[in-house]
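*Asks:* Okay, here's the structure, questions in a sec.
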Amino acid sequence: MPETIGDLPADTDVLVIGGGIAGTAMAYYLARAGVEVVLVERGELNREASGTNAGSLHLQIAIHQLAGGLQTANAEDRLREETRFAAEAAQLWADLEDELDGPIDLHLTGGLMVAEKPEELRFLYEKHEIEKTAGLETHVVEGRELRELAPWLSDAIIGAAYCPVEGHVNPLMAAPLFALRAIEHGAVVRTGAGVREVDALGADGGAPFRVRTALGTIRAQRIVCAAGAWATEIGRQVGLEMPIRQMPLHVNVTEARPRLIEPLVQHIGRRLTLKQAFNGTFIIGGGWPSYPDPPRRHATRWSSAAGNAAVAVDVVPALADVRLVRTWSGVNPWTDDVSPVVGASRRVPGFHAVVVGSSGYTMTPILARTLAERMVDPTLAPMPDEYSPDRPPARSPGAS
């Protein structure tokens with residue numbers, strides 16, 4: 001782990017709040033460009049969503065990117081924009097071990113998004129057309145071609161979309177490596193520095209922001225909120241009600257078995273992500289909930305463990321006798337309009353955010369890099385308006 005103990009500087013150009021994949025990537029890309037950066041984290045690096053997710057690299061358009069069922073027509077422009085970022089994300093992850101000169105346990109295995117119903121298969125073909133125009137390679141396979149590609153799939157699976165550049169990464173490794181390289185480029189990283197108060201008025205006549213932390217007070221010309229599911233707490237202190245809510249999720253891990261599954265497996269209509277790690281264990285996720293359980297914050301639940309495992313067995317029947325050995329939970333950020341919160345605030349000049357819910361671990365580094373480029377060079381086109389931290393909280397379709 002990088003060295004994160006020491007005094008907090010009195011001032012900085014950019015203060016990054018949050019030590020997960022978003023904050024450490026922002027610190028790295030800004031410091032690499034010569035920007036003065038301080039990162040503060042209330043606990044230890046990579047202990048929240050970034051270190052508790054399943055590490056899947058999701059690039060295909062998935063059900064959680066839609067706001068209302070398997071329909072692409074009402075969201076085609078947004079999906080195309082997101083898929084362009086996904087294609088760039090694929091290249092970033094492929095190059096990251098070389099760029100950071102260290103291991104992240106990257107496995108580009110390819111990925112299968114499976115369908116059981118005719119309407120799900122229709123959606124795979126629809127999203128394939130969007131992905132093709134956005135520059136992401138996918139192929140829809142059925143029948144004999146599918147059975148030859150994945151003979152371990154259930155006969156109930158009628159088709160799948162294959163993306164050759166999907167895979168998985170060890171979520172315990174990338175964020176600390178980003179932090180280490182950020183420090184080497186001059187960034188200051190401090191843990192145990194929870195933010196207690198943000199003053200956006202510059203009451204002392206100095207920098208636009210004065211931030212009181214557990215390690216002391218720091219003045220900053222600019223802030224990047226990378227606090228994930230807790231970003232709303234930071235935004236409210238400067239008068240922004242960002243459209244982010246907490247989504248606590250559950251993950252299952254099984255005993256090790258001989259190699260069976262090579263690609264990442266997702267389901268287009270049911271909550272499932274599935275992969276076999278390098279050590280032979282199966283990691284099963286897909287958005288099943290955990291629940292609040294103070295003081296541990298969130299606990300796993302039997303209904304999620306059993307329900308998630310049941311879907312996995314429906315898709316891959318050979319898993320029926322594989323034992324679950326461990327579960328864990330993490331708290332992800334989520335937006336009801338399913339777009340990330342990435343960009344500069346117009347309402348609070350100098351305040352930026354990089355909070356990504358949908359395919360968050362996959363997409364965060366490329367969005368952090370894109371935002372950092374714009375903070376370095378303001379002449380570049382801004383982030384899409386749909387990503388603005390100023391936009392009002394959205395309501396899910398059908399919400400009362």
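Residue names in the structure tokens use chain letters A, B, ... in the order shown, residue numbers from 1 in each chain, and ligand numbers from 1 in the order shown.
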Near A:Asp390, within 8 Å and counting only C-alpha atoms, which residues show up once chain neighbours fewer than 2 positions away are dropped, as an NGL selection string?
*Replies:* :A and (240-242 or 345-347 or 388 or 392)
*Asks:* Just to be explicit: take each residue in the selection above, keep C-alpha atoms, and write the result as a compact mmCIF listing (two decimals), in the first residue's frame.
*Replies:*
```txt
# COMPACT_ATOMS: atom_id res chain seq x y z
CA LEU A 240 -25.89 20.70 -4.25
CA GLU A 241 -28.45 17.90 -4.01
CA MET A 242 -26.77 15.44 -6.36
CA SER A 345 -20.83 22.21 -11.40
CA ARG A 346 -22.02 25.48 -12.88
CA ARG A 347 -23.91 26.35 -9.72
CA SER A 388 -23.91 17.09 -14.59
CA PRO A 392 -32.01 17.31 -10.15
```
*Asks:* Do a neighbour search on stretch 216-233 of chain A at 8 Å with only C-alpha atoms, toss out local chain neighbours closer than 5 positions, and write the hits as a ChimeraX atom specification.
*Replies:* /A:8-20,22-23,49,206-211,240-247,331-334,350-356
*Asks:* Applying 9 Å and only C-alpha atoms, which residues near A:Ser339 remain after dropping the ones on its own chain fewer than 5 positions away? List them as a list in words.
*Replies:*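 Near A:Ser339, the qualifying residues are Gln65, Arg78, Glu82, Trp334, Val356, Gly357, Ser358, Glu386 and Tyr387 of chain A.
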*Asks:* Tell me which of A:Arg259, A:His139, A:Arg374, A:His250 sits closest to A:Thr52, counting only C-alpha atoms.
*Replies:* A:His250
*Asks:* Name the closest residue to A:Val114 among the candidates A:Glu373, A:Asp314, A:Asp199, A:Glu184; distances are taken between atoms, counting only C-alpha atoms.
*Replies:* A:Asp314
*Asks:* Please identify all polymer residues within 6 Å of A:Gln276, counting only C-alpha atoms, omitting same-chain residues fewer than 5 positions from it, and present them as an mmCIF file with all heavy atoms, in the first residue's frame.
*Replies:*
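Generated file (around.cif):
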```
data_model
loop_
_atom_site.group_PDB
_atom_site.id
_atom_site.type_symbol
_atom_site.label_atom_id
_atom_site.label_comp_id
_atom_site.auth_asym_id
_atom_site.auth_seq_id
_atom_site.Cartn_x
_atom_site.Cartn_y
_atom_site.Cartn_z
ATOM 1 N N ILE A 261 -15.544 -22.374 -16.596
ATOM 2 C CA ILE A 261 -16.028 -21.185 -17.289
ATOM 3 C C ILE A 261 -14.863 -20.242 -17.544
ATOM 4 O O ILE A 261 -14.144 -19.870 -16.617
ATOM 5 C CB ILE A 261 -17.104 -20.463 -16.449
ATOM 6 C CG1 ILE A 261 -18.323 -21.368 -16.263
ATOM 7 C CG2 ILE A 261 -17.503 -19.149 -17.091
ATOM 8 C CD1 ILE A 261 -19.345 -20.796 -15.305
ATOM 9 N N THR A 281 -12.363 -20.557 -7.861
ATOM 10 C CA THR A 281 -13.621 -20.223 -7.203
ATOM 11 C C THR A 281 -14.549 -19.501 -8.175
ATOM 12 O O THR A 281 -14.102 -18.861 -9.124
ATOM 13 C CB THR A 281 -13.389 -19.331 -5.976
ATOM 14 O OG1 THR A 281 -12.799 -18.093 -6.406
ATOM 15 C CG2 THR A 281 -12.464 -20.004 -4.981
ATOM 16 N N PHE A 282 -15.836 -19.610 -7.929
ATOM 17 C CA PHE A 282 -16.827 -18.886 -8.711
ATOM 18 C C PHE A 282 -17.293 -17.671 -7.907
ATOM 19 O O PHE A 282 -17.640 -17.804 -6.724
ATOM 20 C CB PHE A 282 -18.024 -19.776 -9.045
ATOM 21 C CG PHE A 282 -17.678 -20.942 -9.925
ATOM 22 C CD1 PHE A 282 -17.383 -22.182 -9.373
ATOM 23 C CD2 PHE A 282 -17.634 -20.802 -11.310
ATOM 24 C CE1 PHE A 282 -17.061 -23.261 -10.172
ATOM 25 C CE2 PHE A 282 -17.306 -21.877 -12.122
ATOM 26 C CZ PHE A 282 -17.011 -23.113 -11.550
#
```
*Asks:* Find, counting only C-alpha atoms, the residue in A:Val165, A:Arg147, A:Thr191, A:Gly360 that gets nearest to A:Val338.
*Replies:*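 Closest residue, counting only C-alpha atoms: A:Gly360.
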*Asks:* Just give me the gap between atom CA of A:Val316 and atom CA of A:Leu153 in Å, one decimal is fine.
*Replies:*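 Interatomic distance here is 5.0 Å.
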*Asks:* Got a sec: who's within 9 Å of stretch 172-183 of chain A, counting only C-alpha atoms, leaving out chain neighbours fewer than 5 positions off, as a VMD selection string?
*Replies:* chain A and resid 1 to 3 19 to 32 37 45 to 47 50 to 52 55 96 to 97 100 to 105 188 to 189
*Asks:* What lies within 12 Å of A:Ala305 using only C-alpha atoms, ignoring chain neighbours under 2 positions off, as an MDAnalysis selection string?
*Replies:* chainID A and resid 249:254 271:272 283:290 299:303 307:312 323:329
*Asks:* Choose the residue, out of A:Asn279, A:Pro365, A:Pro292, A:Met383, that has the smallest atom-to-atom separation from A:Gly330; count only C-alpha atoms.
*Replies:*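 Of A:Asn279, A:Pro365, A:Pro292, A:Met383, the one nearest A:Gly330, counting only C-alpha atoms, is A:Pro292.
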*Asks:* Just list as a PyMOL selection string whatever in stretch 144-206 of chain A DSSP marks as strand (DSSP E).
*Replies:* chain A and resi 159-163+167-168+188-190+195-199
*Asks:* Please give the complete set of residues from stretch 98-172 of chain A that DSSP, run on the backbone, assigns to alpha helix (DSSP H), formatted as a list in words.
*Replies:* Asp98, Glu99, Leu100, Pro118, Glu119, Glu120, Leu121, Arg122, Phe123, Leu124, Tyr125, Glu126, Lys127, His128, Glu129, Ile130, Glu131, Lys132, Thr133, Ala134, Gly143, Arg144, Glu145, Leu146, Arg147, Glu148 and Leu149 of chain A
*Asks:* Please, could you write that set of residues out with N, CA and C atoms as a PDB file, in the first residue's frame?
*Replies:*
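Full text of result.pdb as output:
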```pdb
ATOM      1  N   ASP A  98       0.640  -1.856 -17.943  1.00  0.00           N
ATOM      2  CA  ASP A  98       1.843  -1.246 -18.522  1.00  0.00           C
ATOM      3  C   ASP A  98       1.963   0.210 -18.104  1.00  0.00           C
ATOM      4  N   GLU A  99       0.847   0.947 -18.124  1.00  0.00           N
ATOM      5  CA  GLU A  99       0.906   2.364 -17.785  1.00  0.00           C
ATOM      6  C   GLU A  99       1.314   2.582 -16.330  1.00  0.00           C
ATOM      7  N   LEU A 100       0.742   1.780 -15.422  1.00  0.00           N
ATOM      8  CA  LEU A 100       1.039   1.941 -14.006  1.00  0.00           C
ATOM      9  C   LEU A 100       2.231   1.109 -13.555  1.00  0.00           C
ATOM     10  N   PRO A 118     -37.517 -14.885 -25.862  1.00  0.00           N
ATOM     11  CA  PRO A 118     -37.418 -14.232 -27.171  1.00  0.00           C
ATOM     12  C   PRO A 118     -37.238 -12.722 -27.083  1.00  0.00           C
ATOM     13  N   GLU A 119     -37.935 -12.054 -26.141  1.00  0.00           N
ATOM     14  CA  GLU A 119     -37.778 -10.601 -26.036  1.00  0.00           C
ATOM     15  C   GLU A 119     -36.377 -10.218 -25.548  1.00  0.00           C
ATOM     16  N   GLU A 120     -35.761 -11.090 -24.747  1.00  0.00           N
ATOM     17  CA  GLU A 120     -34.382 -10.836 -24.312  1.00  0.00           C
ATOM     18  C   GLU A 120     -33.421 -10.987 -25.488  1.00  0.00           C
ATOM     19  N   LEU A 121     -33.641 -12.000 -26.311  1.00  0.00           N
ATOM     20  CA  LEU A 121     -32.801 -12.192 -27.485  1.00  0.00           C
ATOM     21  C   LEU A 121     -32.956 -11.022 -28.457  1.00  0.00           C
ATOM     22  N   ARG A 122     -34.192 -10.546 -28.626  1.00  0.00           N
ATOM     23  CA  ARG A 122     -34.404  -9.373 -29.472  1.00  0.00           C
ATOM     24  C   ARG A 122     -33.596  -8.185 -28.961  1.00  0.00           C
ATOM     25  N   PHE A 123     -33.571  -7.992 -27.661  1.00  0.00           N
ATOM     26  CA  PHE A 123     -32.808  -6.883 -27.093  1.00  0.00           C
ATOM     27  C   PHE A 123     -31.315  -7.038 -27.375  1.00  0.00           C
ATOM     28  N   LEU A 124     -30.801  -8.264 -27.328  1.00  0.00           N
ATOM     29  CA  LEU A 124     -29.381  -8.475 -27.627  1.00  0.00           C
ATOM     30  C   LEU A 124     -29.054  -7.998 -29.039  1.00  0.00           C
ATOM     31  N   TYR A 125     -29.959  -8.272 -29.989  1.00  0.00           N
ATOM     32  CA  TYR A 125     -29.711  -7.804 -31.359  1.00  0.00           C
ATOM     33  C   TYR A 125     -29.817  -6.276 -31.443  1.00  0.00           C
ATOM     34  N   GLU A 126     -30.777  -5.697 -30.732  1.00  0.00           N
ATOM     35  CA  GLU A 126     -30.918  -4.236 -30.750  1.00  0.00           C
ATOM     36  C   GLU A 126     -29.674  -3.559 -30.167  1.00  0.00           C
ATOM     37  N   LYS A 127     -29.211  -4.039 -29.041  1.00  0.00           N
ATOM     38  CA  LYS A 127     -28.060  -3.392 -28.417  1.00  0.00           C
ATOM     39  C   LYS A 127     -26.795  -3.626 -29.233  1.00  0.00           C
ATOM     40  N   HIS A 128     -26.716  -4.760 -29.919  1.00  0.00           N
ATOM     41  CA  HIS A 128     -25.563  -5.019 -30.785  1.00  0.00           C
ATOM     42  C   HIS A 128     -25.418  -3.929 -31.851  1.00  0.00           C
ATOM     43  N   GLU A 129     -26.519  -3.479 -32.414  1.00  0.00           N
ATOM     44  CA  GLU A 129     -26.456  -2.426 -33.438  1.00  0.00           C
ATOM     45  C   GLU A 129     -25.934  -1.119 -32.846  1.00  0.00           C
ATOM     46  N   ILE A 130     -26.358  -0.795 -31.644  1.00  0.00           N
ATOM     47  CA  ILE A 130     -25.857   0.416 -30.982  1.00  0.00           C
ATOM     48  C   ILE A 130     -24.374   0.264 -30.670  1.00  0.00           C
ATOM     49  N   GLU A 131     -23.985  -0.876 -30.162  1.00  0.00           N
ATOM     50  CA  GLU A 131     -22.575  -1.108 -29.816  1.00  0.00           C
ATOM     51  C   GLU A 131     -21.681  -1.038 -31.048  1.00  0.00           C
ATOM     52  N   LYS A 132     -22.180  -1.563 -32.163  1.00  0.00           N
ATOM     53  CA  LYS A 132     -21.391  -1.541 -33.402  1.00  0.00           C
ATOM     54  C   LYS A 132     -21.125  -0.112 -33.842  1.00  0.00           C
ATOM     55  N   THR A 133     -22.138   0.739 -33.812  1.00  0.00           N
ATOM     56  CA  THR A 133     -21.939   2.128 -34.236  1.00  0.00           C
ATOM     57  C   THR A 133     -21.085   2.906 -33.252  1.00  0.00           C
ATOM     58  N   ALA A 134     -21.036   2.462 -31.989  1.00  0.00           N
ATOM     59  CA  ALA A 134     -20.241   3.156 -30.972  1.00  0.00           C
ATOM     60  C   ALA A 134     -18.805   2.640 -30.892  1.00  0.00           C
ATOM     61  N   GLY A 143     -27.934 -21.214 -31.157  1.00  0.00           N
ATOM     62  CA  GLY A 143     -27.879 -22.578 -31.660  1.00  0.00           C
ATOM     63  C   GLY A 143     -26.546 -23.270 -31.472  1.00  0.00           C
ATOM     64  N   ARG A 144     -26.097 -23.946 -32.540  1.00  0.00           N
ATOM     65  CA  ARG A 144     -24.869 -24.735 -32.462  1.00  0.00           C
ATOM     66  C   ARG A 144     -23.661 -23.872 -32.134  1.00  0.00           C
ATOM     67  N   GLU A 145     -23.615 -22.675 -32.683  1.00  0.00           N
ATOM     68  CA  GLU A 145     -22.479 -21.786 -32.418  1.00  0.00           C
ATOM     69  C   GLU A 145     -22.378 -21.473 -30.924  1.00  0.00           C
ATOM     70  N   LEU A 146     -23.526 -21.242 -30.286  1.00  0.00           N
ATOM     71  CA  LEU A 146     -23.526 -20.963 -28.853  1.00  0.00           C
ATOM     72  C   LEU A 146     -23.096 -22.196 -28.063  1.00  0.00           C
ATOM     73  N   ARG A 147     -23.595 -23.378 -28.448  1.00  0.00           N
ATOM     74  CA  ARG A 147     -23.246 -24.603 -27.705  1.00  0.00           C
ATOM     75  C   ARG A 147     -21.764 -24.921 -27.838  1.00  0.00           C
ATOM     76  N   GLU A 148     -21.195 -24.631 -28.995  1.00  0.00           N
ATOM     77  CA  GLU A 148     -19.759 -24.870 -29.161  1.00  0.00           C
ATOM     78  C   GLU A 148     -18.931 -23.872 -28.358  1.00  0.00           C
ATOM     79  N   LEU A 149     -19.433 -22.657 -28.262  1.00  0.00           N
ATOM     80  CA  LEU A 149     -18.711 -21.625 -27.524  1.00  0.00           C
ATOM     81  C   LEU A 149     -18.813 -21.845 -26.020  1.00  0.00           C
TER      82      LEU A 149
END
```
